[in-house]
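Have a look at model_8.cif; it's mmCIF, C-alpha atoms:
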```
data_structure
#
loop_
_atom_site.label_atom_id
_atom_site.label_comp_id
_atom_site.auth_asym_id
_atom_site.auth_seq_id
_atom_site.Cartn_x
_atom_site.Cartn_y
_atom_site.Cartn_z
CA MET A 191 91.60 92.18 113.91
CA SER A 192 89.32 93.66 116.54
CA SER A 193 87.92 97.12 117.12
CA ALA A 194 86.62 98.99 120.15
CA PHE A 195 84.91 102.30 120.77
CA CYS A 196 87.14 104.37 123.07
CA ARG A 197 86.90 108.05 123.91
CA GLU A 198 84.63 108.97 120.94
CA ILE A 199 86.74 107.06 118.38
CA THR A 200 86.94 103.54 117.02
CA VAL A 201 90.31 101.86 117.62
CA GLY A 202 91.49 98.95 115.49
CA TYR A 203 93.85 96.59 117.26
CA GLU A 204 95.41 93.14 117.37
CA ASP A 205 94.95 91.05 120.52
CA GLU A 206 96.80 87.77 120.14
CA GLY A 207 97.82 85.06 122.58
CA SER A 208 97.28 84.68 126.29
CA GLY A 209 99.34 85.36 129.37
CA GLU A 210 100.91 88.55 130.65
CA PRO A 211 100.07 91.57 128.46
CA LEU A 212 102.63 93.16 126.15
CA VAL A 213 101.39 96.38 124.52
CA LEU A 214 103.21 97.73 121.44
CA VAL A 215 102.77 101.26 120.07
CA HIS A 216 103.63 101.99 116.46
CA GLY A 217 105.45 105.02 115.11
CA HIS A 218 104.67 107.64 112.45
CA PRO A 219 103.48 107.23 109.75
CA PHE A 220 102.87 103.53 110.26
CA ASP A 221 100.18 101.28 111.70
CA ARG A 222 99.96 98.23 113.94
CA SER A 223 101.17 95.93 111.15
CA MET A 224 104.71 97.17 111.82
CA TRP A 225 104.64 94.91 114.90
CA ARG A 226 103.65 91.76 112.99
CA PRO A 227 106.95 89.91 113.68
CA GLN A 228 106.59 90.63 117.39
CA THR A 229 102.85 89.90 117.58
CA GLU A 230 103.37 86.51 115.95
CA HIS A 231 106.47 85.58 117.94
CA PHE A 232 105.45 86.65 121.43
CA SER A 233 101.83 85.49 121.19
CA ARG A 234 103.26 82.00 120.57
CA ALA A 235 105.75 82.44 123.40
CA GLY A 236 103.16 82.86 126.15
CA TRP A 237 102.37 86.57 125.99
CA ARG A 238 99.13 88.38 125.24
CA VAL A 239 100.24 90.91 122.63
CA ILE A 240 98.10 93.99 122.01
CA ALA A 241 99.03 96.25 119.11
CA PRO A 242 96.58 99.11 118.43
CA ASP A 243 96.31 101.50 115.55
CA LEU A 244 96.72 105.00 116.96
CA ARG A 245 93.98 107.51 116.22
CA GLY A 246 94.50 108.85 112.72
CA TYR A 247 96.30 105.72 111.50
CA GLY A 248 95.41 102.30 110.16
CA GLU A 249 91.85 101.28 110.93
CA SER A 250 91.33 103.75 113.78
CA THR A 251 89.27 106.91 113.43
CA VAL A 252 90.94 109.88 111.75
CA VAL A 253 90.58 113.07 113.78
CA PRO A 254 91.89 116.17 111.96
CA GLY A 255 93.57 119.06 113.76
CA THR A 256 96.21 118.43 116.41
CA THR A 257 96.74 115.19 118.35
CA PRO A 258 98.98 115.70 121.40
CA LEU A 259 100.90 112.77 122.84
CA GLU A 260 98.61 112.89 125.87
CA THR A 261 95.62 112.15 123.65
CA PHE A 262 97.31 109.06 122.23
CA ALA A 263 98.22 107.94 125.76
CA ARG A 264 94.68 108.35 127.07
CA ASP A 265 93.31 106.46 124.06
CA LEU A 266 95.62 103.57 124.93
CA LEU A 267 94.54 103.58 128.55
CA ALA A 268 90.87 103.56 127.57
CA LEU A 269 91.46 100.58 125.25
CA LEU A 270 93.31 98.64 127.95
CA ASP A 271 90.66 99.47 130.53
CA GLY A 272 88.05 98.17 128.14
CA LEU A 273 90.01 94.95 127.70
CA GLY A 274 90.28 94.54 131.47
CA ILE A 275 94.07 94.83 131.47
CA GLU A 276 95.43 96.28 134.69
CA ARG A 277 99.22 96.00 134.42
CA PHE A 278 101.30 95.49 131.30
CA VAL A 279 104.66 95.85 129.63
CA LEU A 280 104.56 98.84 127.29
CA GLY A 281 106.80 99.38 124.29
CA GLY A 282 106.91 101.86 121.46
CA LEU A 283 109.07 102.88 118.51
CA SER A 284 109.91 106.46 117.49
CA MET A 285 106.74 108.50 118.09
CA GLY A 286 105.42 105.39 119.80
CA GLY A 287 108.33 105.57 122.23
CA GLN A 288 107.40 109.14 123.10
CA ILE A 289 103.80 108.04 123.64
CA VAL A 290 105.18 105.38 126.00
CA MET A 291 106.98 108.12 127.94
CA GLU A 292 103.73 110.09 128.16
CA CYS A 293 101.91 106.96 129.38
CA TYR A 294 104.49 106.55 132.11
CA ARG A 295 104.00 110.18 133.09
CA LEU A 296 100.24 109.72 133.34
CA PHE A 297 99.82 106.23 134.80
CA PRO A 298 103.12 104.72 135.97
CA GLU A 299 101.36 102.38 138.40
CA ARG A 300 99.94 100.41 135.45
CA ILE A 301 103.28 99.67 133.79
CA ARG A 302 105.56 96.69 134.61
CA GLY A 303 108.31 97.47 132.16
CA LEU A 304 109.15 99.84 129.32
CA VAL A 305 110.59 99.35 125.84
CA PHE A 306 112.00 102.39 124.06
CA ALA A 307 112.89 101.62 120.44
CA ASP A 308 114.56 104.18 118.17
CA THR A 309 113.20 107.20 120.01
CA PHE A 310 114.38 110.22 121.98
CA ALA A 311 113.26 112.09 125.06
CA ALA A 312 114.11 115.76 124.59
CA ALA A 313 111.54 118.44 123.86
CA GLU A 314 111.22 119.64 120.29
CA THR A 315 113.48 122.49 119.19
CA GLU A 316 112.07 125.63 117.60
CA GLU A 317 113.52 124.50 114.27
CA GLY A 318 111.94 121.09 114.76
CA ARG A 319 108.55 122.60 115.59
CA THR A 320 108.61 124.60 112.38
CA ALA A 321 109.67 121.58 110.34
CA ARG A 322 106.87 119.40 111.74
CA ARG A 323 104.22 122.04 111.11
CA ASP A 324 105.52 122.59 107.58
CA MET A 325 105.46 118.84 106.93
CA ALA A 326 101.91 118.61 108.27
CA ALA A 327 100.84 121.28 105.79
CA ARG A 328 102.65 119.50 102.97
CA LEU A 329 100.99 116.15 103.70
CA LEU A 330 97.56 117.77 103.67
CA ARG A 331 98.40 119.53 100.43
CA GLU A 332 100.14 116.71 98.54
CA GLY A 333 99.19 113.44 100.23
CA MET A 334 101.56 110.77 101.53
CA SER A 335 103.10 109.26 98.39
CA GLY A 336 105.87 111.74 97.64
CA TYR A 337 106.90 111.98 101.28
CA ALA A 338 106.91 108.19 101.63
CA GLN A 339 109.19 107.75 98.63
CA GLU A 340 111.55 110.43 99.94
CA VAL A 341 112.02 109.03 103.43
CA LEU A 342 112.11 105.28 102.71
CA GLY A 343 115.88 105.40 102.33
CA LYS A 344 116.19 107.09 105.74
CA MET A 345 113.76 104.73 107.48
CA LEU A 346 115.69 101.60 106.52
CA SER A 347 119.34 100.65 106.37
CA PRO A 348 121.08 100.12 103.03
CA HIS A 349 121.34 96.42 103.92
CA THR A 350 117.57 96.17 104.34
CA LEU A 351 116.86 98.04 101.13
CA THR A 352 119.18 95.72 99.19
CA HIS A 353 118.55 92.36 100.81
CA ARG A 354 115.01 92.55 102.19
CA PRO A 355 112.84 94.18 99.50
CA GLU A 356 109.70 92.72 101.10
CA VAL A 357 110.37 94.79 104.24
CA ALA A 358 110.91 97.93 102.16
CA ALA A 359 107.63 97.23 100.34
CA HIS A 360 105.76 96.80 103.64
CA VAL A 361 107.17 100.02 105.07
CA LEU A 362 106.39 101.97 101.90
CA ALA A 363 102.86 100.57 101.86
CA MET A 364 102.24 101.60 105.48
CA MET A 365 103.49 105.13 104.88
CA THR A 366 101.56 105.55 101.63
CA ALA A 367 98.33 104.28 103.22
CA ALA A 368 98.53 106.56 106.26
CA PRO A 369 95.69 109.13 106.21
CA PRO A 370 97.22 112.59 105.64
CA GLU A 371 94.86 114.21 108.16
CA GLY A 372 95.88 111.78 110.89
CA ALA A 373 99.58 112.04 110.13
CA ALA A 374 99.39 115.84 110.06
CA ALA A 375 97.53 115.95 113.39
CA ALA A 376 100.22 113.78 114.98
CA LEU A 377 103.01 115.95 113.58
CA ARG A 378 101.40 119.07 115.03
CA GLY A 379 101.02 117.33 118.38
CA ARG A 380 104.65 116.18 118.45
CA ALA A 381 105.77 119.73 117.68
CA GLU A 382 104.46 120.64 121.16
CA ARG A 383 105.75 117.61 123.05
CA PRO A 384 107.31 118.13 126.49
CA ASP A 385 110.80 117.24 127.64
CA TYR A 386 110.81 113.71 129.10
CA THR A 387 114.45 113.59 130.18
CA GLN A 388 113.67 114.28 133.86
CA LEU A 389 110.90 111.68 133.82
CA LEU A 390 113.35 109.07 132.60
CA SER A 391 115.61 109.64 135.58
CA GLN A 392 112.64 108.97 137.88
CA THR A 393 111.57 105.76 136.18
CA ALA A 394 110.98 103.02 138.74
CA VAL A 395 110.51 100.01 136.44
CA PRO A 396 113.01 98.20 134.20
CA ALA A 397 113.45 99.43 130.65
CA LEU A 398 114.88 98.07 127.42
CA VAL A 399 116.37 100.58 124.98
CA VAL A 400 116.78 99.35 121.39
CA VAL A 401 118.28 101.12 118.38
CA GLY A 402 119.55 100.27 114.92
CA THR A 403 123.18 101.09 114.21
CA GLU A 404 122.21 102.96 111.05
CA ASP A 405 119.19 104.86 112.33
CA ALA A 406 119.23 108.24 110.57
CA TYR A 407 116.42 109.74 112.68
CA THR A 408 117.28 108.67 116.23
CA PRO A 409 120.94 107.65 116.20
CA VAL A 410 122.65 105.40 118.71
CA SER A 411 123.66 108.47 120.73
CA ASP A 412 119.97 109.15 121.49
CA ALA A 413 119.51 105.59 122.72
CA ARG A 414 122.64 105.83 124.88
CA ASP A 415 121.22 109.00 126.43
CA ILE A 416 117.97 107.25 127.39
CA HIS A 417 119.93 104.25 128.66
CA ALA A 418 122.09 106.51 130.83
CA ARG A 419 119.08 108.30 132.34
CA VAL A 420 116.84 105.35 133.24
CA PRO A 421 118.05 103.79 136.53
CA ASP A 422 117.37 100.17 135.50
CA ALA A 423 117.88 100.04 131.75
CA THR A 424 119.38 97.61 129.24
CA LEU A 425 120.70 98.77 125.87
CA SER A 426 120.53 96.65 122.71
CA VAL A 427 122.19 98.00 119.55
CA ILE A 428 121.15 96.06 116.44
CA GLU A 429 123.58 95.86 113.54
CA GLN A 430 122.57 96.55 109.92
CA ALA A 431 119.28 98.11 110.98
CA GLY A 432 117.92 101.60 110.50
CA HIS A 433 114.90 103.21 112.17
CA LEU A 434 112.81 100.01 112.20
CA PRO A 435 114.99 97.23 113.65
CA ASN A 436 111.93 95.22 114.70
CA LEU A 437 111.10 94.75 110.99
CA GLU A 438 114.60 94.88 109.53
CA ARG A 439 116.21 92.41 111.96
CA PRO A 440 113.26 90.75 113.70
CA ASP A 441 115.19 87.78 115.08
CA GLU A 442 117.73 90.02 116.81
CA PHE A 443 115.02 92.41 118.04
CA ASN A 444 112.88 89.57 119.36
CA ALA A 445 115.84 87.97 121.12
CA ALA A 446 116.64 91.23 122.93
CA LEU A 447 112.99 91.74 123.87
CA ALA A 448 112.57 88.14 125.02
CA GLU A 449 115.61 88.39 127.29
CA PHE A 450 114.24 91.59 128.78
CA LEU A 451 110.76 90.18 129.31
CA HIS A 452 112.15 87.09 131.04
CA SER A 453 114.13 89.31 133.40
CA LEU A 454 111.11 91.26 134.68
CA PRO A 455 109.86 90.84 138.25
CA ASP A 456 106.69 88.84 138.71
CA SER A 457 103.62 90.80 137.66
CA ALA A 458 102.13 90.42 141.14
CA GLU A 459 104.80 92.72 142.54
CA PRO A 460 103.53 96.32 142.65
CA ALA A 461 105.43 98.99 140.78
CA ALA A 462 107.06 101.70 142.83
CA ALA A 463 105.69 105.15 142.22
CA SER A 464 107.87 107.49 140.21
CA GLY A 465 109.28 110.47 142.03
#
```
What does this structure look like when you write it as structure tokens?
Amino acid sequence: MSSAFCREITVGYEDEGSGEPLVLVHGHPFDRSMWRPQTEHFSRAGWRVIAPDLRGYGESTVVPGTTPLETFARDLLALLDGLGIERFVLGGLSMGGQIVMECYRLFPERIRGLVFADTFAAAETEEGRTARRDMAARLLREGMSGYAQEVLGKMLSPHTLTHRPEVAAHVLAMMTAAPPEGAAAALRGRAERPDYTQLLSQTAVPALVVVGTEDAYTPVSDARDIHARVPDATLSVIEQAGHLPNLERPDEFNAALAEFLHSLPDSAEPAAASG
């Protein structure tokens, strides 16, 4: 584990392997350890894998209040600048996928390829905004434990819960350990997120869209929508997985990601600007 001072906060991150950079952004309310199967696999397969803890999560600084997606994106850029990384493949899951969209909005010229896992692009609804703000207040009031127990069965597929108890234990531990102030700040920020659907249609780099067949939060229909909007996109639907296919079915997830990475143009080729 490494840490760096970026934009007035300390960011904890993994930086494993050597080669072309692959940057992975975790979802809510997790931390960088959710990418362990990918960090281990792809760092051995010739990639430099960077997996940071977002502000408010893991070993990064907790900043109470509201954390917009743009703040997460600029934190990531500052970390990568500090590591001397110019161009990279960028992937994220759930909230992490929305941060990836925001990164592409802000600095598309830095990105070689995109991975959208179990996420969606539309702006928040009024009902959704209220629900996120209410949940933020609840987490600050009650802590993470009750919430974590409630949502575990929605995060993971029944197959995972039955046959891979070690994955369920890891996911529960991540959620329980998440700082309530950081999680609440992210929820408030996501309540105000913009609509990225038009941005997707202007994406000028290849994208991989991944989803679990039993994802209760971002169903396959959301992934198909992203796949339909991005001009050069590949869709991978992973059986017997819920919201976290990279942990639930790591071999299948890694195979889909490896195929996508091998298909990318050489990193020396400049990215076209988005329209």
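Evaluated against the shown file, the PyMOL selection byres ((chain A and resi 279-282) around 8) gives A:Pro211, A:Leu212, A:Val213, A:Leu214, A:Val215, A:His216, A:Gly217, A:Arg277, A:Phe278, A:Leu283, A:Ser284, A:Met285, A:Gly286, A:Gly287, A:Gln288, A:Ile289, A:Val290, A:Ile301, A:Arg302, A:Gly303, A:Leu304, A:Val305, A:Phe306, A:Ala307.
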Any chance you could resolve the PyMOL selection byres ((chain A and resi 411) around 12) against this file and give the residues as a PyMOL selection string?
chain A and resi 308-311+399-410+412-418+425+427
In terms of the shortest atom-to-atom distance over all atoms listed in the file, which of A:His433, A:His353, A:Arg319, A:Arg328 is closest to Ala381 of chain A?
A:Arg319
Could you work out how far atom CA of Gly272 of chain A lies from atom CA of Val201 of chain A, giving the answer in Å with one decimal?
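Calculated distance between atom CA of Val201 of chain A and atom CA of Gly272 of chain A is 11.4 Å.
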Residues returned when the PyMOL selection byres ((chain A and resi 292) around 9) runs on this file, as a list in words:
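So the PyMOL selection byres ((chain A and resi 292) around 9) ends up selecting Leu259, Glu260, Phe262, Ala263, Gly287, Gln288, Ile289, Val290, Met291, Cys293, Tyr294, Arg295, Leu296, Phe297, Pro384 and Tyr386 of chain A.
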Record the distance separating atom CA of Phe443 of chain A and atom CA of Ile428 of chain A, expressed in Å with one decimal.
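Computing it gives 7.3 Å between the two atoms.
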Surrounding residues of Glu340 of chain A excluding itself and chain neighbours under 4 positions, 12 Å, all atoms listed in the file, as a list in words:
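Contacts, in chain order: Met334, Ser335, Gly336, Lys344, Met345, Leu346, Leu362, Met365 and Thr366 of chain A.
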Tell me which of A:Pro440, A:Gly255, A:Pro242, A:Gly333 sits closest to Ala367 of chain A, counting all atoms listed in the file.
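Selected residue with least distance to Ala367 of chain A: A:Gly333.
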